[in-house]
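Heads up, the thing below is written out as structure tokens.
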There are 2 protein chains.
Amino acid sequence: MIAQVRRFNRLVTQRVGALTDHFLARDRPLGESRVLWEIGTAGCDLRALRSRLDLDSGYLSRVLRSLEAADLVMVTPNAADKRVRTARLTAAGLAERALLDGRSDRLATSLLAPLDDGQRRRLITAMREAERLLTAALVKIAPLDPAHAHAQHCLRAYFAELDRRFAAGFDPTRSISAEAHELRPPAGLLLVASLRSEPVGCGALKFHHDEPTEIKRMWVDETARGLGLGRRLLAELEARAAANGARVVRLETNRALVEAISLYRSAGYAEVAAFNDEPYADHWFEKQLARGAPGPRATRGMKGVP
Amino acid sequence: MIAQVRRFNRLVTQRVGALTDHFLARDRPLGESRVLWEIGTAGCDLRALRSRLDLDSGYLSRVLRSLEAADLVMVTPNAADKRVRTARLTAAGLAERALLDGRSDRLATSLLAPLDDGQRRRLITAMREAERLLTAALVKIAPLDPAHAHAQHCLRAYFAELDRRFAAGFDPTRSISAEAHELRPPAGLLLVASLRSEPVGCGALKFHHDEPTEIKRMWVDETARGLGLGRRLLAELEARAAANGARVVRLETNRALVEAISLYRSAGYAEVAAFNDEPYADHWFEKQLARGAPGPRATRGMKGVP
DNA sequence: CGAATTCTCTGACTAGTATCAGAGAATGGA
DNA sequence: TCCATTCTCTGATACTAGTCAGAGAATTCG
């Protein structure tokens, strides 16, 4: 298994990586091409560029000046915050970027060229699958304060989706509360899933003294579905509930959320009688957590993985 | 399709490529780590190192001296040819290489770690498929003189395989001849398929004035099977036969070569009565080539691919 | 044998990719 | 308002990667 991953890594980085570098670097240094590309057609703040390409500020500054000298880029102060500067492509810069785009297309085409139609289809399918799974592996799940901007984004998106999908819409004030202070230790917990430091999902716990721990706010961004993220969030929540002493977790949900319901069932949740009077709920589920419940790491990861 | 390939390329080179570099480069330059790695446990001639890593001879020499100074490598003259020098890892070098090996394993493991078992299996499957197809795309087919070392390697391997697989063994002198001069223009043609400049397959044509062109010496190395290479060789041979004016190609084969027989059938070959007295043949096939037959390139490649 | 070729090494040189410290302007909070 | 912080830029500096020309030894070929 490891050997297969390594063979794949070696082949792809050699075949694709090296080619990409040579394709992208025209007569200009690779670093400049990367910056030119990353600025994009809409322009980009320098700080965003720095963090995306992981560049030193002095280095980026120099690269930009070189691109300015070639008349490919304009750097203008940001109106809102005059410390910040925004890089934009000139007409020549846009043309150059389009050219890189074309090269990248040609590189991709050259990978497919020697194959027949059936092989191409199989390769595309395999690439799509590998891409999705590698993306899934990039998602990080960590506790976050409910007041954090990313947490707020998730919760707002969650409410918006409920409002869209519930037959009668969704009004948070009518629903059972899960305010910030209730999702913050020691009262509760909020987990946020991030992909490339953008929030793409969340899930929360509300701890109770004698009653089972409640699972709330399970949500996965549409762009991140099909990656098994819901299942990972759920497992992580269960593990943390268990670590907090819970023997049972429970949750309620609406009949419109069909994929969530099937997730709960397949994750070992059993439907039970209503245990609260949540007006938006149609189904109530409960799960017994295993005794000697494993910590959060043990539910994923391979043995010996650091 | 192109977009999918590009997304895949971007993700994999970023996720795998960048990580590989940082994993492999310990405190030493990446170039040195690569050389250390490539020398391998068995040692390696400098010329082989140079060609495999595509390095300038001066550059490699400097890198090796730096590794020698760190006591990781010994460079000794080759006994057989004193111009050639052989690099070998010292005990410390072997330890260092084992360390890189471990890091590479850990990198591979870290890619799998966040996934559950089912996802891992799917990822491995997708990687294997992508690897095979990308490898297939690396294979180059070109005419080669029958006396060339690579051509001889293929022909010897072909005979050895026939001898192994035919019930009564195989003696080339009893078979209809296809000597070097018969497979060299204008009498004939030999195509050799190469993967990373190693020969992995061949196929030949014998042209005749009034009779159909004969296909001979179709062989694919065991390590390169399942890549669609036989089909590509066959298509290329047909295209070149057509370019030489042939309307019909034909060939004979032995009943032991089941995969070849099924290839011929699926490629549009029809079984015909024996058209020669080849003692090792059990089946004779023939195919009408399309009129206005396309040149070799048109049978593969996508429109507009350079 | 002599000439051409192969292989490696050395020295000189260049471009690219950084890193670090600090300056100067702008901002935000106490 | 003052102070700490943020953002960008400049200069100094270092190292890696890679190229080129040529020398010297060994080998091969005619």
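Just remember, in the structure tokens the first chain shown is A, the second B, etc., residues are 1-based per chain, and ligands are 1-based in the order shown.
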Show me, as a CSV table (one decimal) with all heavy atoms, in the first residue's frame, the residues of chain A whose atoms get within 8 Å of chain C, using only C-alpha atoms (C1' of nucleotides) for the distance check.
```
chain,number,residue,atom,x,y,z
A,29,PRO,N,12.0,33.5,-14.8
A,29,PRO,CA,12.2,32.6,-13.7
A,29,PRO,C,10.9,32.0,-13.3
A,29,PRO,O,9.8,32.6,-13.4
A,29,PRO,CB,12.7,33.5,-12.6
A,29,PRO,CG,13.3,34.7,-13.3
A,29,PRO,CD,12.6,34.9,-14.6
A,59,TYR,N,11.3,38.9,-0.8
A,59,TYR,CA,11.4,38.2,-2.1
A,59,TYR,C,10.3,38.6,-3.0
A,59,TYR,O,10.5,38.9,-4.2
A,59,TYR,CB,11.4,36.7,-1.8
A,59,TYR,CG,11.7,35.8,-2.9
A,59,TYR,CD1,12.5,36.3,-4.0
A,59,TYR,CD2,11.1,34.6,-3.0
A,59,TYR,CE1,12.7,35.4,-5.1
A,59,TYR,CE2,11.4,33.8,-4.1
A,59,TYR,CZ,12.2,34.2,-5.1
A,59,TYR,OH,12.4,33.4,-6.2
A,81,ASP,N,-7.0,50.2,3.0
A,81,ASP,CA,-5.9,50.2,4.0
A,81,ASP,C,-4.6,50.5,3.2
A,81,ASP,O,-4.2,49.7,2.5
A,81,ASP,CB,-5.9,48.8,4.7
A,81,ASP,CG,-4.7,48.7,5.7
A,81,ASP,OD1,-3.8,49.6,5.7
A,81,ASP,OD2,-4.8,47.8,6.5
A,82,LYS,N,-4.1,51.7,3.4
A,82,LYS,CA,-3.0,52.1,2.5
A,82,LYS,C,-1.7,51.4,2.8
A,82,LYS,O,-0.7,51.7,2.1
A,82,LYS,CB,-2.9,53.7,2.6
A,82,LYS,CG,-4.0,54.4,1.9
A,82,LYS,CD,-3.8,55.9,1.9
A,82,LYS,CE,-5.1,56.6,1.9
A,82,LYS,NZ,-5.1,57.8,2.7
A,83,ARG,N,-1.6,50.6,3.9
A,83,ARG,CA,-0.4,49.8,4.0
A,83,ARG,C,-0.4,48.7,3.0
A,83,ARG,O,0.6,48.3,2.5
A,83,ARG,CB,-0.4,49.2,5.4
A,83,ARG,CG,-0.2,50.1,6.5
A,83,ARG,CD,-0.4,49.4,7.9
A,83,ARG,NE,-1.7,48.8,7.9
A,83,ARG,CZ,-2.1,48.1,9.0
A,83,ARG,NH1,-1.4,48.0,10.0
A,83,ARG,NH2,-3.3,47.5,9.0
```
- What residues in chain A have any atom no more than 6 Å from chain B when counting only C-alpha atoms, and can you write them as a count of residues only? 16
Contacts of chain D with chain A up to 9 Å, shortest pair per row, only C-alpha atoms (C1' of nucleotides), as a Markdown table:
```
| residue | atom | partner | partner_atom | distance |
| --- | --- | --- | --- | --- |
| D:DT6 | C1' | A:Arg83 | CA | 7.8 |
| D:DC7 | C1' | A:Arg83 | CA | 5.2 |
| D:DT8 | C1' | A:Arg83 | CA | 7.1 |
| D:DC9 | C1' | A:Ser61 | CA | 6.8 |
| D:DT10 | C1' | A:Gly58 | CA | 8.3 |
```
Can those selected residues be exported to a file as a PDB file, in the first residue's frame so that it contains C-alpha atoms (C1' of nucleotides)?
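Full text of out-v3.pdb as output:
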```pdb
ATOM      1  C1'  DT D   6       1.030  45.547  10.382  1.00  0.00           C
ATOM      2  C1'  DC D   7       2.513  45.921   5.756  1.00  0.00           C
ATOM      3  C1'  DT D   8       5.763  46.759   2.289  1.00  0.00           C
ATOM      4  C1'  DC D   9      10.164  47.803   0.556  1.00  0.00           C
ATOM      5  C1'  DT D  10      15.412  48.074   0.450  1.00  0.00           C
TER       6       DT D  10
END
```
- Item | Filtered DSSP result for stretch 78-235 of chain A, state strand (DSSP E), as an NGL selection string | :A and (85-89 or 140-143 or 188-195 or 198-206 or 213-220)
- Check stretch 48-205 of chain A with DSSP on the backbone and list each residue it calls alpha helix (DSSP H), as an MDAnalysis selection string. chainID A and resid 48:53 57:69 91:112 117:138 149:165
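When atom C1' of D:DC15 is paired with atom CA of A:Asp27, their separation reads 23.0 Å.
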- Message: When you count only C-alpha atoms, which of these residues is closest to B:Ser51: B:Arg28, B:Ser197, B:Val75, B:Thr253?
- Response: B:Ser197
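Neighbouring residues of B:Arg156 at 12 Å or closer, counting only C-alpha atoms (C1' of nucleotides) and skipping chain neighbours under 4 positions away, are Pro146, Ala147, Ala149, His150, Ala151, Gln152, Ala160, Glu161, Leu162, Asp163, Phe170, Asp171, Pro172, Pro199, Gly201, Cys202, Arg217, Trp219 and Asp221 of chain B.
Put simply, atom CA of A:Tyr158 is 24.6 Å away from atom CA of A:Val248.
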- Within 12 Å of B:Gly230, counting only C-alpha atoms (C1' of nucleotides), which residues show up once you throw out same-chain ones fewer than 6 positions away? Write them as a PyMOL selection string, please. chain B and resi 136+139+141+191-193+200-203+217-222+224+236-237+259-264+266-267
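Residues in contact with stretch 283-290 of chain A at 7 Å, where only C-alpha atoms (C1' of nucleotides) are counted and same-chain residues fewer than 4 positions away are skipped, are listed as A:Ala242, A:Arg247, A:Val248, A:Val249, A:Arg250, A:Leu251, A:Glu252, A:Thr253, A:Asn254, A:Arg255, A:Gly268, A:Tyr269, A:Ala270, A:Glu271, A:Val272, A:Ala273, A:Ala274.
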May I have the selected residues written with C-alpha atoms, as a PDB file, in the first residue's frame?
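The result, written out as selection.pdb:
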```pdb
ATOM      1  CA  ALA A 242     -16.569   9.823  24.935  1.00  0.00           C
ATOM      2  CA  ARG A 247     -21.755   6.916  27.189  1.00  0.00           C
ATOM      3  CA  VAL A 248     -24.509   7.975  24.785  1.00  0.00           C
ATOM      4  CA  VAL A 249     -24.844  10.707  22.189  1.00  0.00           C
ATOM      5  CA  ARG A 250     -28.068  11.808  20.571  1.00  0.00           C
ATOM      6  CA  LEU A 251     -29.346  14.212  17.979  1.00  0.00           C
ATOM      7  CA  GLU A 252     -32.464  15.257  16.142  1.00  0.00           C
ATOM      8  CA  THR A 253     -32.893  16.063  12.490  1.00  0.00           C
ATOM      9  CA  ASN A 254     -35.361  17.064   9.815  1.00  0.00           C
ATOM     10  CA  ARG A 255     -36.787  14.746   7.178  1.00  0.00           C
ATOM     11  CA  GLY A 268     -24.798   3.090  14.051  1.00  0.00           C
ATOM     12  CA  TYR A 269     -27.418   5.552  15.230  1.00  0.00           C
ATOM     13  CA  ALA A 270     -30.780   4.092  16.175  1.00  0.00           C
ATOM     14  CA  GLU A 271     -33.986   6.043  15.802  1.00  0.00           C
ATOM     15  CA  VAL A 272     -35.651   6.699  19.155  1.00  0.00           C
ATOM     16  CA  ALA A 273     -38.730   8.496  20.417  1.00  0.00           C
ATOM     17  CA  ALA A 274     -38.600  12.282  20.534  1.00  0.00           C
TER      18      ALA A 274
END
```
- Computed interatomic separation between atom C1' of D:DA23 and atom CA of B:Arg34 (Å): 28.5 Å
